[in-house]
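So this one's structure30.cif, mmCIF, C-alpha atoms:
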data_run
loop_
_atom_site.group_PDB
_atom_site.id
_atom_site.type_symbol
_atom_site.label_atom_id
_atom_site.label_comp_id
_atom_site.auth_asym_id
_atom_site.auth_seq_id
_atom_site.Cartn_x
_atom_site.Cartn_y
_atom_site.Cartn_z
ATOM 1 C CA MET A 176 -30.807 18.468 -5.593
ATOM 2 C CA ASN A 177 -34.445 18.411 -6.713
ATOM 3 C CA ALA A 178 -36.787 16.097 -4.840
ATOM 4 C CA ILE A 179 -38.315 13.312 -6.907
ATOM 5 C CA PRO A 180 -42.130 13.622 -6.965
ATOM 6 C CA LYS A 181 -44.070 10.891 -5.227
ATOM 7 C CA GLY A 182 -45.002 8.078 -7.574
ATOM 8 C CA TYR A 183 -41.942 8.567 -9.801
ATOM 9 C CA LEU A 184 -38.454 7.160 -10.089
ATOM 10 C CA GLU A 185 -35.478 8.730 -11.819
ATOM 11 C CA ASP A 186 -33.799 6.608 -14.477
ATOM 12 C CA ARG A 187 -30.051 6.585 -15.282
ATOM 13 C CA ASN A 188 -30.534 9.371 -17.835
ATOM 14 C CA GLY A 189 -32.131 11.684 -15.273
ATOM 15 C CA HIS A 190 -35.664 11.252 -16.626
ATOM 16 C CA LEU A 191 -38.642 10.831 -14.320
ATOM 17 C CA VAL A 192 -40.579 7.622 -14.913
ATOM 18 C CA PRO A 193 -43.957 6.868 -13.305
ATOM 19 C CA GLU A 194 -43.664 3.879 -10.997
ATOM 20 C CA SER A 195 -46.807 2.465 -12.591
ATOM 21 C CA GLN A 196 -44.885 2.038 -15.868
ATOM 22 C CA LEU A 197 -42.141 -0.085 -14.314
ATOM 23 C CA LYS A 198 -42.186 -3.802 -14.974
ATOM 24 C CA PRO A 199 -42.307 -5.915 -11.781
ATOM 25 C CA ILE A 200 -38.822 -7.323 -12.490
ATOM 26 C CA ASP A 201 -37.368 -3.804 -12.869
ATOM 27 C CA ARG A 202 -38.929 -2.725 -9.561
ATOM 28 C CA ALA A 203 -37.669 -5.884 -7.823
ATOM 29 C CA ARG A 204 -34.148 -5.318 -9.187
ATOM 30 C CA ASP A 205 -34.151 -1.706 -8.020
ATOM 31 C CA GLU A 206 -35.325 -2.654 -4.528
ATOM 32 C CA LEU A 207 -32.686 -5.403 -4.261
ATOM 33 C CA VAL A 208 -29.835 -3.095 -5.322
ATOM 34 C CA ILE A 209 -30.927 -0.226 -3.067
ATOM 35 C CA GLU A 210 -31.314 -2.528 -0.056
ATOM 36 C CA LYS A 211 -27.903 -4.187 -0.468
ATOM 37 C CA ILE A 212 -26.103 -0.930 -1.244
ATOM 38 C CA THR A 213 -27.654 0.717 1.819
ATOM 39 C CA ARG A 214 -26.335 -2.101 4.001
ATOM 40 C CA ALA A 215 -22.937 -2.022 2.248
ATOM 41 C CA LEU A 216 -22.583 1.718 2.890
ATOM 42 C CA ALA A 217 -23.454 1.208 6.553
ATOM 43 C CA LEU A 218 -20.826 -1.553 6.829
ATOM 44 C CA ARG A 219 -18.259 0.657 5.111
ATOM 45 C CA ASN A 220 -18.841 3.358 7.711
ATOM 46 C CA LEU A 221 -18.528 0.795 10.510
ATOM 47 C CA LEU A 222 -15.238 -0.459 9.037
ATOM 48 C CA ARG A 223 -13.895 3.100 8.777
ATOM 49 C CA GLU A 224 -14.777 3.689 12.409
ATOM 50 C CA PHE A 225 -13.271 0.339 13.419
ATOM 51 C CA LYS A 226 -10.060 0.999 11.471
ATOM 52 C CA ARG A 227 -9.628 4.446 13.006
ATOM 53 C CA GLY A 228 -10.160 2.993 16.466
ATOM 54 C CA VAL A 229 -7.670 0.156 15.879
ATOM 55 C CA PHE A 230 -4.928 2.547 14.749
ATOM 56 C CA ASN A 231 -5.532 4.868 17.697
ATOM 57 C CA ASP A 232 -5.597 2.004 20.211
ATOM 58 C CA ILE A 233 -2.400 0.404 18.859
ATOM 59 C CA ALA A 234 -0.583 3.753 18.904
ATOM 60 C CA ALA A 235 -1.731 4.339 22.490
ATOM 61 C CA PHE A 236 -0.627 0.845 23.526
ATOM 62 C CA VAL A 237 2.817 1.236 21.935
ATOM 63 C CA GLN A 238 3.245 4.511 23.809
ATOM 64 C CA LEU A 239 2.080 2.912 27.062
ATOM 65 C CA SER A 240 4.516 0.029 26.590
ATOM 66 C CA ALA A 241 7.387 2.447 25.945
ATOM 67 C CA GLU A 242 6.552 4.442 29.054
ATOM 68 C CA GLN A 243 7.026 1.296 31.148
ATOM 69 C CA TYR A 244 10.716 1.733 30.365
ATOM 70 C CA GLY A 245 10.799 5.499 30.639
ATOM 71 C CA ALA A 246 10.925 5.993 26.871
ATOM 72 C CA ARG A 247 8.907 8.342 24.721
ATOM 73 C CA ILE A 248 8.075 7.478 21.126
ATOM 74 C CA GLY A 249 7.377 10.367 18.775
ATOM 75 C CA GLY A 250 4.675 9.847 16.160
ATOM 76 C CA ASP A 251 3.306 6.480 15.087
ATOM 77 C CA LYS A 252 6.130 5.227 12.851
ATOM 78 C CA GLY A 253 7.250 1.648 12.943
ATOM 79 C CA ASN A 254 5.826 -1.798 12.293
ATOM 80 C CA VAL A 255 4.289 -3.519 15.285
ATOM 81 C CA THR A 256 3.136 -7.113 15.870
ATOM 82 C CA LEU A 257 0.910 -7.826 18.851
ATOM 83 C CA PHE A 258 -0.048 -11.336 20.067
ATOM 84 C CA SER A 259 -2.844 -12.477 22.317
ATOM 85 C CA PHE A 260 -1.643 -14.119 25.531
ATOM 86 C CA ASP A 261 -2.360 -17.635 24.212
ATOM 87 C CA GLY A 262 -0.760 -16.866 20.855
ATOM 88 C CA ARG A 263 -3.927 -17.729 18.955
ATOM 89 C CA TYR A 264 -4.340 -14.271 17.482
ATOM 90 C CA LYS A 265 -2.011 -11.574 16.247
ATOM 91 C CA ILE A 266 -2.375 -8.071 14.861
ATOM 92 C CA ILE A 267 0.192 -6.469 12.580
ATOM 93 C CA ARG A 268 0.427 -2.749 12.009
ATOM 94 C CA ALA A 269 2.628 -2.052 9.011
ATOM 95 C CA ILE A 270 3.711 1.329 7.682
ATOM 96 C CA GLN A 271 4.849 1.366 4.062
ATOM 97 C CA ASP A 272 6.663 4.392 2.700
ATOM 98 C CA THR A 273 6.331 5.408 -0.926
ATOM 99 C CA ILE A 274 9.683 6.608 -2.215
ATOM 100 C CA ALA A 275 10.879 8.470 -5.277
ATOM 101 C CA PHE A 276 14.214 9.788 -6.484
ATOM 102 C CA ASP A 277 15.241 13.406 -6.884
ATOM 103 C CA GLU A 278 17.616 14.844 -9.502
ATOM 104 C CA ARG A 279 20.655 13.166 -7.922
ATOM 105 C CA LEU A 280 19.580 9.913 -9.537
ATOM 106 C CA GLN A 281 20.660 11.377 -12.888
ATOM 107 C CA ALA A 282 24.164 11.943 -11.510
ATOM 108 C CA ALA A 283 24.226 8.338 -10.308
ATOM 109 C CA LYS A 284 23.075 7.115 -13.722
ATOM 110 C CA ALA A 285 25.839 9.076 -15.458
ATOM 111 C CA LEU A 286 28.502 7.572 -13.178
ATOM 112 C CA ILE A 287 27.086 4.078 -13.651
ATOM 113 C CA ASP A 288 27.084 4.530 -17.432
ATOM 114 C CA GLU A 289 30.775 5.464 -17.263
ATOM 115 C CA CYS A 290 31.531 2.334 -15.277
ATOM 116 C CA VAL A 291 29.617 0.030 -17.613
ATOM 117 C CA SER A 292 31.279 1.608 -20.633
ATOM 118 C CA ASP A 293 34.760 1.065 -19.180
ATOM 119 C CA TRP A 294 33.948 -2.451 -18.012
ATOM 120 C CA THR A 295 33.183 -3.770 -21.490
ATOM 121 C CA GLU A 296 36.010 -6.267 -21.082
ATOM 122 C CA GLY A 297 35.942 -8.803 -18.293
ATOM 123 C CA VAL A 298 32.716 -7.954 -16.501
ATOM 124 C CA ARG A 299 30.173 -10.704 -15.985
ATOM 125 C CA MET A 300 27.029 -10.360 -18.055
ATOM 126 C CA GLU A 301 24.669 -10.772 -15.098
ATOM 127 C CA PRO A 302 25.631 -7.535 -13.283
ATOM 128 C CA ARG A 303 25.588 -5.602 -16.557
ATOM 129 C CA ALA A 304 22.082 -6.901 -17.321
ATOM 130 C CA ILE A 305 20.918 -5.931 -13.818
ATOM 131 C CA ILE A 306 22.404 -2.453 -14.205
ATOM 132 C CA ASN A 307 20.796 -1.857 -17.593
ATOM 133 C CA ASN A 308 17.477 -3.295 -16.433
ATOM 134 C CA ALA A 309 17.352 -1.203 -13.258
ATOM 135 C CA PHE A 310 16.752 2.049 -15.109
ATOM 136 C CA ARG A 311 14.048 0.731 -17.416
ATOM 137 C CA LEU A 312 10.719 2.462 -16.865
ATOM 138 C CA ASP A 313 7.613 0.584 -15.762
ATOM 139 C CA LYS A 314 4.352 0.558 -17.730
ATOM 140 C CA SER A 315 3.396 3.916 -16.233
ATOM 141 C CA GLY A 316 6.666 5.514 -17.306
ATOM 142 C CA ASN A 317 8.099 5.660 -13.786
ATOM 143 C CA ILE A 318 11.483 4.588 -12.444
ATOM 144 C CA ARG A 319 11.193 1.241 -10.682
ATOM 145 C CA THR A 320 12.544 2.181 -7.267
ATOM 146 C CA GLU A 321 13.132 -1.373 -6.055
ATOM 147 C CA ALA A 322 15.231 -2.228 -9.105
ATOM 148 C CA VAL A 323 17.398 0.878 -8.640
ATOM 149 C CA LEU A 324 17.887 0.215 -4.934
ATOM 150 C CA GLU A 325 18.920 -3.371 -5.722
ATOM 151 C CA LEU A 326 22.029 -1.943 -7.426
ATOM 152 C CA ARG A 327 23.456 -1.135 -4.005
ATOM 153 C CA LYS A 328 23.855 -4.869 -3.373
ATOM 154 C CA LEU A 329 26.378 -5.163 -6.203
ATOM 155 C CA ASP A 330 29.924 -5.106 -4.869
ATOM 156 C CA PHE A 331 32.278 -3.160 -7.154
ATOM 157 C CA ASP A 332 35.309 -1.250 -5.858
ATOM 158 C CA ASP A 333 35.424 1.340 -8.645
ATOM 159 C CA PRO A 334 35.321 4.783 -6.927
ATOM 160 C CA ARG A 335 32.800 5.991 -9.498
ATOM 161 C CA TRP A 336 30.514 3.078 -8.645
ATOM 162 C CA LEU A 337 30.790 3.780 -4.931
ATOM 163 C CA GLU A 338 30.018 7.446 -5.563
ATOM 164 C CA ALA A 339 27.028 6.453 -7.699
ATOM 165 C CA MET A 340 25.672 4.238 -4.909
ATOM 166 C CA GLU A 341 26.037 7.136 -2.468
ATOM 167 C CA ALA A 342 24.172 9.392 -4.910
ATOM 168 C CA ILE A 343 21.347 6.835 -5.148
ATOM 169 C CA SER A 344 21.051 6.720 -1.355
ATOM 170 C CA ASP A 345 21.011 10.515 -1.159
ATOM 171 C CA ALA A 346 18.436 10.740 -3.955
ATOM 172 C CA VAL A 347 15.826 8.715 -2.063
ATOM 173 C CA THR A 348 12.893 10.860 -0.996
ATOM 174 C CA VAL A 349 9.835 9.672 0.943
ATOM 175 C CA VAL A 350 6.817 11.133 -0.850
ATOM 176 C CA GLY A 351 4.098 9.452 1.184
ATOM 177 C CA SER A 352 3.265 6.539 3.436
ATOM 178 C CA LYS A 353 0.355 4.196 4.018
ATOM 179 C CA THR A 354 -0.501 2.404 7.225
ATOM 180 C CA TYR A 355 -2.030 -1.052 7.151
ATOM 181 C CA VAL A 356 -3.458 -3.249 9.872
ATOM 182 C CA ARG A 357 -3.908 -6.990 9.433
ATOM 183 C CA PHE A 358 -5.501 -9.577 11.689
ATOM 184 C CA TYR A 359 -4.540 -13.255 11.974
ATOM 185 C CA GLU A 360 -5.829 -16.412 13.648
ATOM 186 C CA ARG A 361 -3.720 -19.519 14.209
ATOM 187 C CA ASP A 362 -5.146 -22.666 12.623
ATOM 188 C CA GLU A 363 -4.926 -26.269 13.824
ATOM 189 C CA ARG A 364 -1.528 -26.635 12.107
ATOM 190 C CA GLY A 365 -0.098 -23.690 14.015
ATOM 191 C CA GLN A 366 -0.045 -21.432 10.934
ATOM 192 C CA TYR A 367 -1.407 -17.902 11.109
ATOM 193 C CA GLN A 368 -4.208 -17.325 8.623
ATOM 194 C CA PRO A 369 -5.467 -13.822 7.762
ATOM 195 C CA ILE A 370 -8.875 -12.782 9.076
ATOM 196 C CA SER A 371 -10.342 -11.254 5.951
ATOM 197 C CA LEU A 372 -12.408 -8.093 6.179
ATOM 198 C CA ASP A 373 -12.734 -7.980 2.395
ATOM 199 C CA VAL A 374 -16.049 -9.263 1.015
ATOM 200 C CA ALA A 375 -14.209 -11.179 -1.720
ATOM 201 C CA GLY A 376 -12.022 -12.946 0.832
ATOM 202 C CA VAL A 377 -14.646 -13.917 3.404
#

Can you give me the file's structure in the form of structure tokens?
Amino acid sequence: MNAIPKGYLEDRNGHLVPESQLKPIDRARDELVIEKITRALALRNLLREFKRGVFNDIAAFVQLSAEQYGARIGGDKGNVTLFSFDGRYKIIRAIQDTIAFDERLQAAKALIDECVSDWTEGVRMEPRAIINNAFRLDKSGNIRTEAVLELRKLDFDDPRWLEAMEAISDAVTVVGSKTYVRFYERDERGQYQPISLDVAGV
């Protein structure tokens, strides 16, 4: 990256502009943006460091707590809620898996289609609508996993349906997971309110 000569600034098109040609308002705007962005970047780094430390400390505490009972916990899976002694504060660590379906979902869909076709007479419209809606794609063209998994709550005794539900369960694949940590403070009404670390929510 080439150094910018003294007395010049680089504009958004990559051209060097003498500082003497800048209007006072343009210079003031530039200084304001650079100052606030510099502070924002420093805060971002502090938050990254804080977040890493919180996850590590919670994992260590969970392991320590388990060892009090002679148990060993592998990895850092599992949601955890920790309270301060007076109950005023709580911290929640939540781990959310991202799931997808493998090719066995197509076998389940074929079995379900057979059932729906044979149940033309006498089946309530609500379950049929749920079944048809479950396999509709979202705006991104992806299967809506929650809608498909909801099918397992429908209670039909047709062997093909039961086999389809088993195929859906077998088709579930965890493709990734995200770990979140949230902080709460109890208000005067006894309700826990989130402690926002997002600029928009402060």

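CA of Ala235 (chain A) is found 19.4 Å from CA of Tyr264 (chain A).
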
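Put simply, CA of Phe236 (chain A) is 22.8 Å away from CA of Leu372 (chain A).
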
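Across the structure, CA of Gly228 (chain A) and CA of Gly376 (chain A) are spaced 22.4 Å apart.
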
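Remark: for Ala234 (chain A), the closest of the candidate residues A:Ala339, A:Ala375, A:Val356, A:Ala275 is A:Val356 (distances computed over only C-alpha atoms).
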
message: With only C-alpha atoms as the counted atoms, please give the residues lying no more than 12 Å from region 211-226 of chain A, apart from itself and same-chain residues fewer than 6 positions off, as a ChimeraX atom specification.
response: /A:204-205,232-233,268,354-358,372-374

- request: Could you list the residues chosen by the PyMOL selection byres ((chain A and resi 281-284) around 12) in this structure as a PyMOL selection string?
  value: chain A and resi 276-280+285-291+306-307+309-311+318+323-324+326-327+335-347

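Restricting the calculation to only C-alpha atoms, the smallest distance between Lys353 (chain A) and any of A:Asn254, A:Ser292, A:Ser259, A:Thr320 is found for A:Asn254.
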
- prompt: For Arg263 (chain A), which of A:Ser371, A:Thr348, A:Asn188, A:Gln366 is the closest residue, counting only C-alpha atoms?
  reply: A:Gln366

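For the set A:Gly262, A:Gly253, A:Pro334, A:Pro180, the residue with the smallest atom-to-atom gap to Ser352 (chain A) is A:Gly253, counting all atoms listed in the file.
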
task: Go ahead and find all residues with at least one atom no further than 9 Å from (5.3, -5.8, 12.5) in the file's coordinates, using all atoms listed in the file; report them as a list in words.
output: Gly253, Asn254, Val255, Thr256, Leu257, Ile266, Ile267, Arg268, Ala269 and Ile270 of chain A

Could you tell me which residues the PyMOL selection byres ((chain A and resi 193) around 8) returns for this structure, as a PDB file with C-alpha atoms, in the coordinates of the input?
ATOM      1  CA  GLY A 182     -45.002   8.078  -7.574  1.00  0.00           C
ATOM      2  CA  TYR A 183     -41.942   8.567  -9.801  1.00  0.00           C
ATOM      3  CA  LEU A 184     -38.454   7.160 -10.089  1.00  0.00           C
ATOM      4  CA  LEU A 191     -38.642  10.831 -14.320  1.00  0.00           C
ATOM      5  CA  VAL A 192     -40.579   7.622 -14.913  1.00  0.00           C
ATOM      6  CA  GLU A 194     -43.664   3.879 -10.997  1.00  0.00           C
ATOM      7  CA  SER A 195     -46.807   2.465 -12.591  1.00  0.00           C
ATOM      8  CA  GLN A 196     -44.885   2.038 -15.868  1.00  0.00           C
ATOM      9  CA  LEU A 197     -42.141  -0.085 -14.314  1.00  0.00           C
TER      10      LEU A 197
END
